[in-house]
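See below for work.txt, which holds compact mmCIF, C-alpha atoms.
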```txt
# COMPACT_ATOMS: atom_id res chain seq x y z
CA MET A 2 21.80 11.19 -42.01
CA PRO A 3 22.71 7.47 -41.81
CA GLU A 4 25.46 6.34 -39.50
CA ALA A 5 28.56 5.87 -41.65
CA LEU A 6 30.56 3.50 -39.47
CA ALA A 7 29.77 1.55 -36.35
CA THR A 8 32.73 0.40 -34.30
CA SER A 9 31.25 -1.27 -31.23
CA GLY A 10 27.87 -1.92 -29.73
CA TYR A 11 25.00 -4.15 -30.76
CA LEU A 12 23.46 -5.06 -34.10
CA ILE A 13 19.82 -6.05 -33.54
CA ASP A 14 18.60 -8.77 -35.91
CA ALA A 15 15.23 -8.40 -37.60
CA ASN A 16 13.74 -11.42 -35.82
CA VAL A 17 14.22 -9.70 -32.45
CA LEU A 18 12.62 -6.48 -33.68
CA ILE A 19 9.71 -8.34 -35.28
CA ASP A 20 9.14 -10.28 -32.04
CA ILE A 21 8.79 -6.97 -30.21
CA ILE A 22 6.66 -5.29 -32.87
CA THR A 23 4.24 -8.21 -33.16
CA GLU A 24 4.33 -9.03 -29.43
CA ASP A 25 5.17 -12.61 -30.36
CA ALA A 26 3.61 -15.02 -27.85
CA VAL A 27 6.75 -17.16 -27.59
CA TRP A 28 9.64 -14.72 -28.05
CA TYR A 29 8.43 -11.27 -26.97
CA ASP A 30 9.76 -11.43 -23.40
CA TRP A 31 13.22 -12.63 -24.42
CA SER A 32 13.52 -10.22 -27.35
CA ALA A 33 12.25 -7.20 -25.41
CA GLY A 34 14.59 -7.99 -22.52
CA ALA A 35 17.59 -8.42 -24.81
CA MET A 36 16.77 -5.15 -26.58
CA ARG A 37 16.42 -3.27 -23.26
CA SER A 38 19.76 -4.62 -22.06
CA ALA A 39 21.51 -3.66 -25.28
CA VAL A 40 20.06 -0.13 -25.30
CA ARG A 41 21.10 0.41 -21.67
CA SER A 42 24.69 -0.69 -22.19
CA SER A 43 25.88 0.58 -25.59
CA ALA A 44 25.03 1.92 -29.03
CA VAL A 45 22.42 -0.13 -30.89
CA TYR A 46 22.38 -0.44 -34.68
CA ILE A 47 20.43 -1.79 -37.61
CA ASN A 48 21.56 -1.92 -41.22
CA PRO A 49 19.66 -1.66 -44.53
CA LEU A 50 19.03 -5.42 -44.69
CA ILE A 51 17.56 -5.54 -41.20
CA TYR A 52 15.50 -2.45 -41.99
CA ALA A 53 14.18 -4.17 -45.14
CA GLU A 54 13.30 -7.38 -43.29
CA VAL A 55 11.40 -5.45 -40.60
CA SER A 56 9.65 -3.30 -43.21
CA THR A 57 7.57 -6.30 -44.28
CA GLN A 58 5.44 -5.59 -41.19
CA PHE A 59 4.52 -2.04 -42.30
CA SER A 60 2.57 -0.32 -45.05
CA SER A 61 4.54 2.96 -44.94
CA ILE A 62 8.06 4.17 -44.32
CA ALA A 63 6.72 6.81 -41.92
CA ARG A 64 5.18 4.19 -39.65
CA LEU A 65 8.27 1.98 -39.85
CA ASP A 66 10.50 4.92 -38.92
CA ARG A 67 8.28 5.73 -35.92
CA VAL A 68 8.71 2.17 -34.65
CA LEU A 69 12.47 2.13 -35.39
CA PRO A 70 13.47 5.61 -34.22
CA ASN A 71 16.99 6.88 -35.01
CA SER A 72 17.23 8.00 -31.40
CA ILE A 73 17.32 4.34 -30.31
CA LEU A 74 18.38 2.36 -33.39
CA ARG A 75 21.23 4.00 -35.23
CA ARG A 76 21.47 3.37 -38.96
CA ALA A 77 24.74 1.74 -39.99
CA GLN A 78 25.69 1.26 -43.61
CA LEU A 79 27.07 -2.07 -44.78
CA PRO A 80 30.82 -1.74 -45.27
CA TYR A 81 32.40 -3.19 -48.40
CA SER A 82 34.62 -5.40 -46.23
CA ALA A 83 31.41 -7.01 -44.89
CA GLY A 84 30.44 -7.82 -48.48
CA PHE A 85 33.78 -9.55 -48.98
CA LEU A 86 33.45 -11.54 -45.74
CA ALA A 87 29.83 -12.43 -46.56
CA ALA A 88 31.01 -13.85 -49.90
CA LYS A 89 33.67 -15.97 -48.18
CA ALA A 90 31.07 -17.32 -45.73
CA PHE A 91 28.74 -18.05 -48.65
CA VAL A 92 31.47 -20.01 -50.45
CA ALA A 93 31.96 -22.10 -47.28
CA TYR A 94 28.19 -22.63 -47.12
CA ARG A 95 28.08 -23.84 -50.73
CA ARG A 96 31.06 -26.16 -50.18
CA SER A 97 29.27 -27.70 -47.19
CA GLY A 98 26.25 -28.55 -49.34
CA GLY A 99 24.20 -25.35 -49.21
CA THR A 100 21.90 -25.04 -52.18
CA LEU A 101 21.12 -21.34 -52.38
CA ARG A 102 22.59 -19.59 -55.43
CA SER A 103 23.40 -16.21 -53.88
CA PRO A 104 24.29 -14.96 -50.41
CA MET A 105 21.32 -14.38 -48.15
CA PRO A 106 20.91 -11.48 -45.70
CA ASP A 107 22.22 -13.53 -42.76
CA PHE A 108 25.66 -13.69 -44.40
CA TYR A 109 25.77 -9.90 -44.79
CA ILE A 110 24.40 -9.28 -41.30
CA GLY A 111 26.91 -11.65 -39.70
CA ALA A 112 29.79 -10.21 -41.70
CA HIS A 113 28.73 -6.66 -40.83
CA ALA A 114 28.79 -7.49 -37.12
CA VAL A 115 32.21 -9.14 -37.41
CA VAL A 116 33.98 -6.41 -39.37
CA GLN A 117 32.65 -3.63 -37.17
CA ASN A 118 33.06 -5.44 -33.86
CA LEU A 119 29.34 -5.48 -33.06
CA THR A 120 27.62 -8.07 -30.89
CA LEU A 121 24.67 -9.53 -32.76
CA VAL A 122 21.41 -9.89 -30.83
CA THR A 123 19.44 -12.67 -32.52
CA ARG A 124 17.49 -15.82 -31.85
CA ASP A 125 18.46 -17.39 -35.17
CA VAL A 126 22.02 -18.46 -34.47
CA GLY A 127 22.69 -21.44 -36.77
CA ARG A 128 24.36 -19.80 -39.76
CA TYR A 129 26.01 -17.17 -37.60
CA ARG A 130 27.73 -19.77 -35.41
CA ASN A 131 28.66 -21.96 -38.37
CA TYR A 132 30.08 -19.32 -40.70
CA PHE A 133 31.20 -16.56 -38.33
CA PRO A 134 32.84 -18.39 -35.42
CA THR A 135 34.38 -15.22 -33.96
CA LEU A 136 31.07 -13.34 -33.92
CA GLN A 137 29.85 -12.38 -30.46
CA LEU A 138 26.20 -13.37 -30.08
CA ILE A 139 23.45 -12.72 -27.60
CA ALA A 140 20.83 -15.40 -28.12
CA PRO A 141 18.32 -17.36 -26.07
CA GLU A 142 19.80 -20.28 -24.18
CA GLY A 143 19.63 -23.53 -26.05
CA THR A 144 19.17 -22.01 -29.52
CA ARG A 145 21.11 -23.57 -32.32
```

Go ahead and express the file in the form of structure tokens.
Amino acid sequence: MPEALATSGYLIDANVLIDIITEDAVWYDWSAGAMRSAVRSSAVYINPLIYAEVSTQFSSIARLDRVLPNSILRRAQLPYSAGFLAAKAFVAYRRSGGTLRSPMPDFYIGAHAVVQNLTLVTRDVGRYRNYFPTLQLIAPEGTR
């Protein structure tokens, strides 16, 4: 059964998981190390959006679920309050010149981490830092 509510721990972004799955030549070491550290220190979560983004690498749910086991990556649902916060971040994005017409997954992922007090492990920090200034991030040094 999916995890109903996360309250602390780490939310692992899809780019980190994909780096590990594909053994990315540039990012594998950082992503695998960040994932190991997170798993050793607290609960580690993904949400439906992250699951969907990672699923692009697989031809079946069974194989995806073997690579993203519930015993390591708990399933957290997106809370409605994250949807509200994602919308507010999206409005700020549009006001600052953003051209997309609807909120993208990063807004929901960032909002989810904020409302449930999760530290986001990612290497794609730009929108998160801009639109969720209170969000705790673990990211490679020098990323923007």

Near stretch 108-120 of chain A, 10 Å: stretch 22-77 of chain A residue rows, closest pairs, only C-alpha atoms, as JSON lines:
```
{"residue": "A:Ala39", "atom": "CA", "partner": "A:Thr120", "partner_atom": "CA", "distance": 9.4}
{"residue": "A:Ala44", "atom": "CA", "partner": "A:Leu119", "partner_atom": "CA", "distance": 9.5}
{"residue": "A:Val45", "atom": "CA", "partner": "A:Leu119", "partner_atom": "CA", "distance": 9.0}
{"residue": "A:Tyr46", "atom": "CA", "partner": "A:Leu119", "partner_atom": "CA", "distance": 8.7}
{"residue": "A:Ile47", "atom": "CA", "partner": "A:Ile110", "partner_atom": "CA", "distance": 9.2}
{"residue": "A:Asn48", "atom": "CA", "partner": "A:Ile110", "partner_atom": "CA", "distance": 7.9}
{"residue": "A:Pro49", "atom": "CA", "partner": "A:Ile110", "partner_atom": "CA", "distance": 9.5}
{"residue": "A:Leu50", "atom": "CA", "partner": "A:Ile110", "partner_atom": "CA", "distance": 7.4}
{"residue": "A:Ile51", "atom": "CA", "partner": "A:Ile110", "partner_atom": "CA", "distance": 7.8}
{"residue": "A:Ala77", "atom": "CA", "partner": "A:His113", "partner_atom": "CA", "distance": 9.3}
```

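Between atom CA of A:Arg124 and atom CA of A:Tyr11 there is a distance of 13.9 Å.
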
| Given the choices A:Met105, A:Val126, A:Ala93, A:Ala53, which gets closest to A:Thr144 if the distance is worked out from all atoms listed in the file? | A:Val126

| query | Could you work out how far atom CA of A:Gly10 lies from atom CA of A:Val92, giving the answer in Å with one decimal? | reply | 27.7 Å

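Of note, atom CA of A:Gly99 and atom CA of A:Phe133 are spaced 15.6 Å apart.
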
| request: Rank nothing, just name the residue among A:Asp107, A:Leu138, A:Ala87, A:Tyr52 nearest to A:Pro70, using all atoms listed in the file. | output: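 Residue with the minimum atom-to-atom distance to A:Pro70: A:Tyr52.
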
| From the list A:Ser56, A:Asn16, A:Gln137, A:Ser103, which residue is nearest A:Ala88 when using only C-alpha atoms? |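 Nearest to A:Ala88: A:Ser103.
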
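The closest residue to A:Ala90, picked from A:Asn131, A:Thr23, A:Thr57, A:Ser32 and counting only C-alpha atoms, is A:Asn131.
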
| task | Identify which of the residues A:Val55, A:Ser9, A:Thr135, A:Ala26 lies closest to A:Ser42, counting all atoms listed in the file when measuring atom-to-atom distances. | result |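 Checking each of A:Val55, A:Ser9, A:Thr135, A:Ala26 against A:Ser42, counting all atoms listed in the file, the winner is A:Ser9.
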